[in-house]
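Here the structure is laid out as structure tokens; the discussion comes afterwards.
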Amino acid sequence: AKKGGRGELRFFSDAMNAAAHDALVIDGALRHAIAAGEFRLEYQVIAEAGSGRLGKVEALLRWRSATLGTVPPDRFIPVAEDSGLIVELGSWVLEEACRQAALWRGGPLDGVRISINVSAWQLADPGFVALVEATLARHGLPGALLELELTERVLIDDGPNVRTVLERLRTLGVSVSLDDFGTGYSSLSYLTQFQLNTLKIDRAFVMDIEHSARSNSLVHAIIAMGHSLGLQLVAEGVETDGQARILARMGCHYLQGFHIARPAAPDQLLLFAARRPET
Ligand code: C2E
Ligand code: CA
Ligand code: CA
Ligand code: CA
């Protein structure tokens with residue numbers, strides 16, 4: 001680190017400037033992106049582990065900016081969270097997912113639950129539950145068709161308030177799942193403190209399940225714990241047949257990942273639903 005120390009420091013600060021500049025540019029472009037119709041949702045299959053059948057779907061936000069081209073969520077979501085724009089963006093996601101669910105009614109995808117990602121800011125908004133209720137009602141949807149994915153951070157940030165919000169969501173029939181489980185703040189106490197339906201086991205653990213005994217036992221333990229707490233389990237980032245088999249054998253209820261299906265436009269999902277489980 002001594003050699004060329006100044007150079008490294010310089011490089012580091014250039015990189016920081018570049019990142020800050022990046023964020024500013026993204027922030028600017030985000031401000032009119034909703035009005036410009038630059039967002040859409042893709043849907044990724046969450047399959048039943050045993051049958052391979054479509055269980056539910058996760059909606060994932062996609063942005064194609066007129067000025068920046070395609071920007072992945074990992075780059076623009078943090079910027080939208082910093083500016084607070086995530087609340088408006090999250091409302092758009094909720095509206096769009098409900099619009100899609102309503103379109104699917106009466107067809108092969110009727111009854112398939114749509115799961116959307118919800119950020120801490122949205123949940124902290126006092127009007128959030130009312131917004132969910134009004135959006136469902138406007139599209140004539142039962143709450144049972146909607147699931148909200150929260151990260152562990154959300155639960156810690158504002159414990160008591162979040163608990164009430166989750167209770168009210170439950171009375172609407174809306175499910176709640178804990179996303180990226182195992183990567184966050186790893187206090188297990190909120191698994192019993194909050195009304196959760198589902199745990200999503202993070203891709204980081206699933207990735208190594210075939211080759212690392214530690215990952216394997218960890219996932220095994222998470223699944224056992226989930227079972228004993230009456231929670232549904234989803235494994236994220238399932239990329240190989242080997243992983244899928246191990247997870248199914250361990251009793252994981254649902255599988256999500258490129259091995260099953262990539263996130264795709266709504267029409268692709270109709271194809272998935274129509275295909276026979278064996279093929
Ligand atoms: P996430 O909620 O954990 O979503 C799963 C991410 O993993 C998605 O990335 C998905 O495309 C990717 N993925 C799925 N299967 C596989 C696999 O087998 N292998 C690998 N390597 N990746 C897989 P994506 O769409 O780029 O989204 C990244 C993150 O951005 C999401 O992570 C979520 O935290 C956030 N995000 C996406 N859409 C929204 C949204 O509407 N609202 C909010 N607040 N956040 C969102
Ligand atoms: Ca998610
Ligand atoms: Ca996740
Ligand atoms: Ca993630």
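In the structure tokens, chains take letters A, B, ... by order of appearance, with residues numbered from 1 within each chain and ligands from 1 in the order shown.
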Under the rule of at most 10 Å, produce a per-residue listing of chain A near ligand 3: chain, number, name, the closest pair of atoms, and the distance in Å, as CSV, using only C-alpha atoms and all ligand atoms.
residue,atom,partner,partner_atom_place_in_ligand_line,distance
A:Glu58,CA,ligand 3,1 (Ca),9.8
A:Asn117,CA,ligand 3,1 (Ca),8.9
A:Glu149,CA,ligand 3,1 (Ca),8.3
A:Leu150,CA,ligand 3,1 (Ca),9.1
A:Thr151,CA,ligand 3,1 (Ca),8.2
A:Ser177,CA,ligand 3,1 (Ca),10.0
A:Leu178,CA,ligand 3,1 (Ca),8.5
A:Asp179,CA,ligand 3,1 (Ca),4.8
A:Asp180,CA,ligand 3,1 (Ca),4.2
A:Phe181,CA,ligand 3,1 (Ca),7.7
A:Thr183,CA,ligand 3,1 (Ca),9.8
A:Leu199,CA,ligand 3,1 (Ca),9.8
A:Lys200,CA,ligand 3,1 (Ca),6.5
A:Ile201,CA,ligand 3,1 (Ca),7.6
A:Asp202,CA,ligand 3,1 (Ca),5.9
A:Arg203,CA,ligand 3,1 (Ca),7.3
A:Ala204,CA,ligand 3,1 (Ca),9.9
A:Val234,CA,ligand 3,1 (Ca),9.6
A:Ala235,CA,ligand 3,1 (Ca),9.1
A:Glu236,CA,ligand 3,1 (Ca),6.4
A:Gly237,CA,ligand 3,1 (Ca),8.3
A:Gln256,CA,ligand 3,1 (Ca),9.7
*Write out as a PyMOL selection string all residues of range 195-250 of chain A that DSSP puts in helix (DSSP H, G or I) for this structure's backbone.*
chain A and resi 203-206+213-228+241-250
*Which one is closest to Gly90 in chain A: A:Ala59, A:Ala273, A:Ala224, A:Ala248? Count only C-alpha atoms.*
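When distances to Gly90 in chain A are compared using only C-alpha atoms, the smallest one comes from A:Ala59.
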*Residues at most 12 Å from Leu123 in chain A, counting only C-alpha atoms, excluding those fewer than 6 positions away in the same chain, as a PyMOL selection string?*
chain A and resi 86-87+90-91+117+129-132+148-151+153-155+157-159+161-166+168-169+176
How would the residues just picked look written out with C-alpha atoms as a short mmCIF file (atom, residue, chain, number, x, y, z; two decimals), in the first residue's frame?
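And here is the file that came out, selection.cif:
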data_model
loop_
_atom_site.label_atom_id
_atom_site.label_comp_id
_atom_site.auth_asym_id
_atom_site.auth_seq_id
_atom_site.Cartn_x
_atom_site.Cartn_y
_atom_site.Cartn_z
CA ILE A 86 -38.44 5.42 -4.57
CA VAL A 87 -41.82 6.13 -2.97
CA GLY A 90 -42.75 2.02 -5.79
CA SER A 91 -46.32 3.26 -6.26
CA ASN A 117 -40.19 -5.44 -3.94
CA VAL A 129 -51.48 0.46 3.54
CA ALA A 130 -54.28 2.68 2.27
CA LEU A 131 -52.50 2.91 -1.09
CA VAL A 132 -52.22 -0.88 -1.31
CA LEU A 148 -44.65 -7.79 -0.72
CA GLU A 149 -40.93 -8.53 -0.47
CA LEU A 150 -39.13 -6.70 2.30
CA THR A 151 -35.50 -6.86 3.34
CA ARG A 153 -33.24 -3.75 7.01
CA VAL A 154 -36.85 -2.65 6.78
CA LEU A 155 -37.72 -4.62 9.91
CA ASP A 157 -35.31 0.51 10.85
CA ASP A 158 -38.68 1.08 12.43
CA GLY A 159 -39.73 -1.98 14.39
CA ASN A 161 -44.47 0.84 13.20
CA VAL A 162 -43.56 -1.91 10.77
CA ARG A 163 -45.26 -4.47 12.97
CA THR A 164 -48.56 -2.56 12.78
CA VAL A 165 -48.22 -2.10 9.03
CA LEU A 166 -47.66 -5.83 8.53
CA ARG A 168 -52.86 -4.34 8.62
CA LEU A 169 -51.55 -5.86 5.39
CA VAL A 176 -45.19 -10.62 3.18
#
_Non-local contacts of Gly28 in chain A (12 Å; only C-alpha atoms; under 5 positions in same chain excluded) as a VMD selection string_ = chain A and resid 21 to 23 33 65 67 to 68 76 79 to 80 83 85
*Can you list, as number ranges by chain, all residues belonging to range 106-189 of chain A that DSSP tags as strand (DSSP E or B)?*
A: 113-117, 146-151, 175-181
